[in-house]
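Asker: My structure is stored as start_7.tsv, with TSV, C-alpha atoms.
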```tsv
chain	number	residue	atom	x	y	z
A	1475	LEU	CA	223.23	-51.54	108.34
A	1476	ARG	CA	226.93	-50.69	108.80
A	1477	GLY	CA	227.69	-52.33	105.48
A	1478	ARG	CA	226.16	-51.81	102.04
A	1479	VAL	CA	222.44	-52.26	101.40
A	1480	ARG	CA	220.73	-52.40	98.00
A	1481	TYR	CA	217.11	-51.27	97.79
A	1482	GLN	CA	214.61	-51.71	94.98
A	1483	LEU	CA	212.15	-48.80	95.01
A	1484	SER	CA	209.02	-48.24	92.96
A	1485	GLY	CA	206.22	-45.70	92.91
A	1486	ASP	CA	205.95	-41.97	92.38
A	1487	SER	CA	208.25	-40.90	89.55
A	1488	THR	CA	208.60	-37.42	91.06
A	1489	LEU	CA	210.54	-38.85	94.00
A	1490	VAL	CA	213.82	-39.54	92.21
A	1491	PRO	CA	216.51	-40.33	94.79
A	1492	PRO	CA	219.53	-38.05	94.30
A	1493	GLU	CA	223.01	-39.43	93.70
A	1494	THR	CA	225.30	-38.62	96.63
A	1495	ALA	CA	228.64	-39.87	97.93
A	1496	GLU	CA	226.66	-42.24	100.15
A	1497	GLN	CA	223.98	-43.23	97.67
A	1498	ALA	CA	224.25	-44.73	94.17
A	1499	VAL	CA	221.06	-44.61	92.09
A	1500	VAL	CA	220.21	-46.60	88.94
A	1501	SER	CA	216.88	-46.46	87.11
A	1502	ARG	CA	215.55	-50.00	86.85
A	1503	ASN	CA	212.22	-51.72	86.08
A	1504	GLY	CA	210.17	-48.54	86.30
A	1505	GLY	CA	211.76	-47.66	89.63
A	1506	TRP	CA	215.21	-47.29	91.14
A	1507	GLN	CA	217.97	-49.46	92.47
A	1508	VAL	CA	219.61	-47.59	95.34
A	1509	ASP	CA	222.85	-48.72	96.97
A	1510	ILE	CA	223.69	-47.05	100.27
A	1511	CYS	CA	226.89	-47.13	102.32
A	1512	THR	CA	229.47	-44.58	103.49
A	1513	ASP	CA	231.08	-44.33	100.02
A	1514	CYS	CA	228.70	-45.96	97.52
A	1515	GLY	CA	227.98	-42.98	95.28
A	1516	ALA	CA	229.93	-40.70	92.98
A	1517	GLU	CA	228.47	-37.21	93.36
A	1518	ASP	CA	230.34	-34.48	91.48
A	1519	ALA	CA	232.13	-31.86	93.55
A	1520	PRO	CA	229.83	-28.85	94.04
A	1521	GLU	CA	230.42	-25.59	92.20
A	1522	ALA	CA	231.44	-22.53	94.17
A	1523	SER	CA	227.90	-21.12	93.95
A	1524	VAL	CA	226.46	-24.28	95.52
A	1525	LEU	CA	228.94	-24.18	98.40
A	1526	GLU	CA	228.12	-20.53	98.93
A	1527	ALA	CA	224.40	-21.34	99.11
A	1528	ALA	CA	225.24	-24.05	101.64
A	1529	ARG	CA	226.93	-21.47	103.88
A	1530	GLN	CA	224.20	-18.81	103.78
A	1531	SER	CA	221.83	-18.01	106.61
A	1532	THR	CA	218.15	-18.39	105.68
A	1533	TYR	CA	214.90	-17.80	107.50
A	1534	TRP	CA	214.72	-21.47	108.52
A	1535	ILE	CA	218.46	-22.19	108.80
A	1536	ALA	CA	219.24	-19.13	110.91
A	1537	ALA	CA	223.04	-19.31	110.90
A	1538	ASP	CA	223.27	-15.57	111.65
A	1539	ASP	CA	221.38	-15.88	114.94
A	1540	PRO	CA	223.73	-14.43	117.62
A	1541	GLU	CA	223.26	-17.35	120.01
A	1542	ILE	CA	223.82	-19.90	117.25
A	1543	GLN	CA	226.94	-17.99	116.23
A	1544	ARG	CA	228.17	-17.98	119.83
A	1545	LEU	CA	227.61	-21.69	120.26
A	1546	ALA	CA	229.29	-22.52	116.97
A	1547	SER	CA	232.40	-20.58	118.00
A	1548	GLU	CA	232.66	-22.69	121.16
A	1549	PHE	CA	232.89	-25.94	119.21
A	1550	GLY	CA	236.22	-25.24	117.52
A	1551	ALA	CA	235.35	-23.83	114.12
A	1552	GLU	CA	239.05	-23.84	113.16
A	1553	GLU	CA	239.45	-27.59	113.70
A	1554	GLU	CA	238.77	-30.49	111.33
A	1555	SER	CA	235.24	-30.26	109.93
A	1556	LEU	CA	234.23	-33.81	110.85
A	1557	ASP	CA	235.39	-33.32	114.46
A	1558	VAL	CA	233.43	-30.07	114.68
A	1559	MET	CA	230.34	-31.75	113.26
A	1560	ALA	CA	230.59	-34.66	115.69
A	1561	ARG	CA	230.54	-32.20	118.61
A	1562	LEU	CA	227.75	-30.09	117.12
A	1563	THR	CA	225.67	-33.22	116.49
A	1564	ARG	CA	226.10	-34.35	120.07
A	1565	PHE	CA	225.16	-30.90	121.35
A	1566	VAL	CA	221.90	-30.82	119.37
A	1567	SER	CA	221.08	-34.39	120.38
A	1568	LEU	CA	221.44	-33.51	124.07
A	1569	HIS	CA	219.82	-30.07	123.77
A	1570	MET	CA	216.61	-31.21	122.10
A	1571	ASN	CA	213.93	-32.88	124.21
A	1572	ALA	CA	214.12	-36.67	123.94
A	1573	GLN	CA	210.35	-36.78	123.40
A	1574	PRO	CA	209.67	-35.53	119.85
A	1575	ASP	CA	207.13	-32.75	119.35
A	1576	TYR	CA	205.38	-33.13	115.98
A	1577	ALA	CA	203.24	-29.99	116.24
A	1578	GLY	CA	204.07	-27.53	113.46
A	1579	PHE	CA	207.43	-26.36	112.14
A	1580	ALA	CA	209.99	-24.25	113.98
A	1581	THR	CA	213.05	-22.38	112.73
A	1582	ALA	CA	216.54	-23.20	113.94
A	1583	SER	CA	216.38	-20.21	116.30
A	1584	GLU	CA	213.05	-21.35	117.74
A	1585	ALA	CA	214.32	-24.91	118.13
A	1586	LEU	CA	217.36	-23.67	120.01
A	1587	ALA	CA	215.24	-21.54	122.31
A	1588	SER	CA	212.62	-24.20	123.07
A	1589	GLY	CA	214.52	-27.46	122.75
A	1590	GLN	CA	211.32	-28.86	121.23
A	1591	GLY	CA	210.66	-30.45	117.86
A	1592	ASP	CA	211.16	-33.52	115.73
A	1593	CYS	CA	213.71	-34.48	113.07
A	1594	THR	CA	212.94	-31.31	111.09
A	1595	GLU	CA	213.93	-29.03	113.97
A	1596	HIS	CA	216.96	-31.22	114.69
A	1597	ALA	CA	218.13	-30.87	111.09
A	1598	LEU	CA	217.49	-27.12	110.85
A	1599	LEU	CA	219.35	-26.40	114.09
A	1600	LEU	CA	222.27	-28.66	113.24
A	1601	ALA	CA	222.57	-27.16	109.76
A	1602	ALA	CA	222.47	-23.64	111.21
A	1603	LEU	CA	225.23	-24.45	113.70
A	1604	ALA	CA	227.34	-26.02	110.95
A	1605	ARG	CA	226.96	-22.96	108.72
A	1606	ALA	CA	227.73	-20.66	111.64
A	1607	ALA	CA	230.94	-22.68	112.11
A	1608	GLY	CA	231.81	-22.02	108.46
A	1609	LEU	CA	230.87	-25.46	107.15
A	1610	PRO	CA	228.73	-25.87	104.02
A	1611	ALA	CA	225.61	-27.79	105.04
A	1612	ARG	CA	222.45	-29.02	103.36
A	1613	ILE	CA	219.44	-31.00	104.57
A	1614	ALA	CA	218.59	-34.46	103.27
A	1615	ILE	CA	214.91	-35.45	103.33
A	1616	GLY	CA	213.74	-39.02	102.94
A	1617	LEU	CA	213.41	-42.21	104.96
A	1618	ALA	CA	215.41	-43.75	107.78
A	1619	TYR	CA	215.20	-47.18	109.34
A	1620	ASN	CA	214.37	-46.72	113.01
A	1621	THR	CA	215.39	-49.41	115.49
A	1622	GLU	CA	213.94	-47.49	118.45
A	1623	ARG	CA	210.28	-46.91	119.22
A	1624	PHE	CA	208.62	-44.36	116.93
A	1625	LEU	CA	204.97	-43.56	117.64
A	1626	GLY	CA	204.66	-46.97	119.31
A	1627	ARG	CA	206.50	-48.88	116.57
A	1628	LYS	CA	210.10	-49.89	115.88
A	1629	TYR	CA	212.06	-51.62	113.11
A	1630	VAL	CA	210.28	-49.50	110.51
A	1631	PHE	CA	211.21	-46.90	107.91
A	1632	VAL	CA	210.03	-43.45	108.98
A	1633	PRO	CA	209.96	-40.05	107.23
A	1634	HIS	CA	213.13	-38.31	108.30
A	1635	ALA	CA	215.47	-35.34	107.80
A	1636	TRP	CA	219.16	-35.09	108.57
A	1637	VAL	CA	222.20	-32.95	107.66
A	1638	GLN	CA	224.95	-33.42	105.09
A	1639	VAL	CA	228.17	-31.38	105.38
A	1640	TRP	CA	230.82	-30.85	102.71
A	1641	ASP	CA	234.17	-32.00	104.16
A	1642	GLY	CA	236.29	-30.92	101.20
A	1643	SER	CA	235.89	-34.15	99.26
A	1644	ALA	CA	232.29	-35.35	99.79
A	1645	TRP	CA	228.98	-34.58	101.48
A	1646	ARG	CA	228.86	-36.54	104.77
A	1647	SER	CA	225.71	-37.27	106.77
A	1648	PHE	CA	225.13	-36.37	110.42
A	1649	ASP	CA	221.97	-37.01	112.40
A	1650	SER	CA	221.28	-35.68	115.89
A	1651	GLY	CA	217.81	-37.24	115.91
A	1652	LEU	CA	218.21	-40.99	115.36
A	1653	GLY	CA	221.99	-41.28	115.67
A	1654	GLU	CA	224.91	-42.35	113.50
A	1655	PHE	CA	224.43	-42.54	109.73
A	1656	HIS	CA	224.15	-46.07	108.31
A	1657	ALA	CA	222.78	-47.87	105.26
A	1658	GLY	CA	219.22	-47.44	106.50
A	1659	TYR	CA	219.06	-43.80	105.30
A	1660	ILE	CA	217.42	-43.23	101.89
A	1661	ALA	CA	217.65	-39.61	100.68
A	1662	LEU	CA	214.79	-38.55	98.39
A	1663	ALA	CA	215.47	-34.80	98.19
A	1664	LEU	CA	218.10	-32.22	99.18
A	1665	SER	CA	217.38	-28.74	100.53
A	1666	TYR	CA	219.76	-25.81	100.87
A	1667	SER	CA	217.22	-23.31	102.22
A	1668	GLY	CA	215.34	-25.54	104.68
A	1669	GLU	CA	211.98	-24.34	103.38
A	1670	VAL	CA	209.00	-26.11	104.95
A	1671	ALA	CA	207.63	-26.73	101.46
A	1672	HIS	CA	210.58	-29.01	100.73
A	1673	PHE	CA	209.68	-31.28	103.67
A	1674	THR	CA	205.95	-31.31	103.04
A	1675	ARG	CA	206.37	-31.98	99.32
A	1676	VAL	CA	208.35	-35.16	99.99
A	1677	ASN	CA	206.18	-36.33	102.87
A	1678	ALA	CA	203.02	-35.83	100.83
A	1679	ARG	CA	204.30	-38.26	98.18
A	1680	LEU	CA	205.69	-40.98	100.45
A	1681	HIS	CA	202.43	-42.96	100.30
A	1682	ALA	CA	203.16	-43.65	96.62
A	1683	LEU	CA	206.67	-44.98	97.25
A	1684	GLN	CA	207.30	-48.66	97.93
A	1685	ILE	CA	210.44	-50.46	99.07
A	1686	GLN	CA	210.17	-53.69	97.10
A	1687	SER	CA	213.26	-55.30	98.57
A	1688	ALA	CA	216.37	-54.64	100.62
A	1689	ALA	CA	219.46	-56.82	100.69
A	1690	ARG	CA	222.94	-56.57	102.10
A	1691	VAL	CA	225.55	-56.41	99.32
A	1692	GLN	CA	228.75	-58.37	99.80
A	1693	THR	CA	231.93	-57.08	98.17
A	1694	GLN	CA	234.81	-59.04	96.70
A	1695	GLY	CA	237.97	-57.37	95.56
A	1696	GLY	CA	236.38	-53.99	96.28
A	1697	LYS	CA	233.46	-54.64	93.92
A	1698	PRO	CA	229.84	-55.55	94.84
```
Can you dump the structure from the file as structure tokens?

Answerer:
Amino acid sequence: LRGRVRYQLSGDSTLVPPETAEQAVVSRNGGWQVDICTDCGAEDAPEASVLEAARQSTYWIAADDPEIQRLASEFGAEEESLDVMARLTRFVSLHMNAQPDYAGFATASEALASGQGDCTEHALLLAALARAAGLPARIAIGLAYNTERFLGRKYVFVPHAWVQVWDGSAWRSFDSGLGEFHAGYIALALSYSGEVAHFTRVNARLHALQIQSAARVQTQGGKP
């Protein structure tokens, strides 16, 4: 999972995986071939309006919450973005209860206050802290390969949400819920507002999506 993995996906045509710096997508055989690694894709640099949207406070990503602002200022907002994100990710991971709570949806402010929630609350809180630190952030929604126990199971793909931050050259993934980003993360949608409808829309269609195959891709001379 620390290398490059190629997936063959089929199913619901409305779940088109987005091209990102970490994910290359090719339409193939009525589905998609998706390569995932730390630098597999070639996403265009975002326009100024997109970066501005990725900095804004929203109802769900409450970057203007005073306590979120205070915390963000303590994690060195003037330092390198990836260093700041590493510290923010660790904070959220330790702050949130290790036992996920799947009941309902909470805003970033509510997640901070309660310390309760699942990957959705993790992502909303982490995105809010990133934006409060001045970093453009968006939420990726899709699937992640879980090597720990999840509802009594492990070594399975689970519905998941995590955060991507613009570092000046690419959108980079951070996950306070399951841990370090690897080639087991398949993004199916991107959200800048954190609206609950974005999560439920993807999750409602996952039953129609199939992972036909997954294989590690070897490279030679820099090419797969």

Asker: Within 9 Å of Pro1698 in chain A, counting all atoms listed in the file, which residues qualify if same-chain residues fewer than 6 places away don't, as a list in words?

Answerer: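 Close residues of Pro1698 in chain A: Arg1478, Val1691 and Gln1692 of chain A.
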
Asker: Using Å and a single decimal, report how far CA of Ile1613 in chain A sits from CA of His1672 in chain A.

Answerer: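 Atom-to-atom, CA of His1672 in chain A and CA of Ile1613 in chain A are spaced 9.9 Å apart.
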
Asker: For each of A:Ser1547, A:Ser1647, A:Ser1665, A:Thr1693, take the minimum atom-to-atom distance to Ala1560 in chain A, counting only C-alpha atoms, then give the residue where this is smallest.

Answerer: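 Smallest distance to Ala1560 in chain A is found for A:Ser1647.
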
Asker: Got a sec to check which residues sit within 12 Å of (236.0, -26.1, 111.8), counting only C-alpha atoms, and write them as a PyMOL selection string?

Answerer: chain A and resi 1546-1562+1603-1610+1639-1642

Asker: Do you know which residues are at most 8 Å from Gly1477 in chain A counting only C-alpha atoms, after dropping those on the same chain fewer than 6 positions away, and could you put them as a ChimeraX atom specification?

Answerer: /A:1511,1656-1657,1690-1691

Asker: How would the residues just picked look written out with C-alpha atoms as a tab-separated table (two decimals), in the coordinates of the input?

Answerer:
```
chain	number	residue	atom	x	y	z
A	1511	CYS	CA	226.89	-47.13	102.32
A	1656	HIS	CA	224.15	-46.07	108.31
A	1657	ALA	CA	222.78	-47.87	105.26
A	1690	ARG	CA	222.94	-56.57	102.10
A	1691	VAL	CA	225.55	-56.41	99.32
```

Asker: Counting all atoms listed in the file, figure out which residue out of A:Ala1587, A:Leu1475, A:Ala1498, A:Ile1535 gets nearest to Glu1517 in chain A.

Answerer: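 Under the stated criterion, the closest residue is A:Ala1498.
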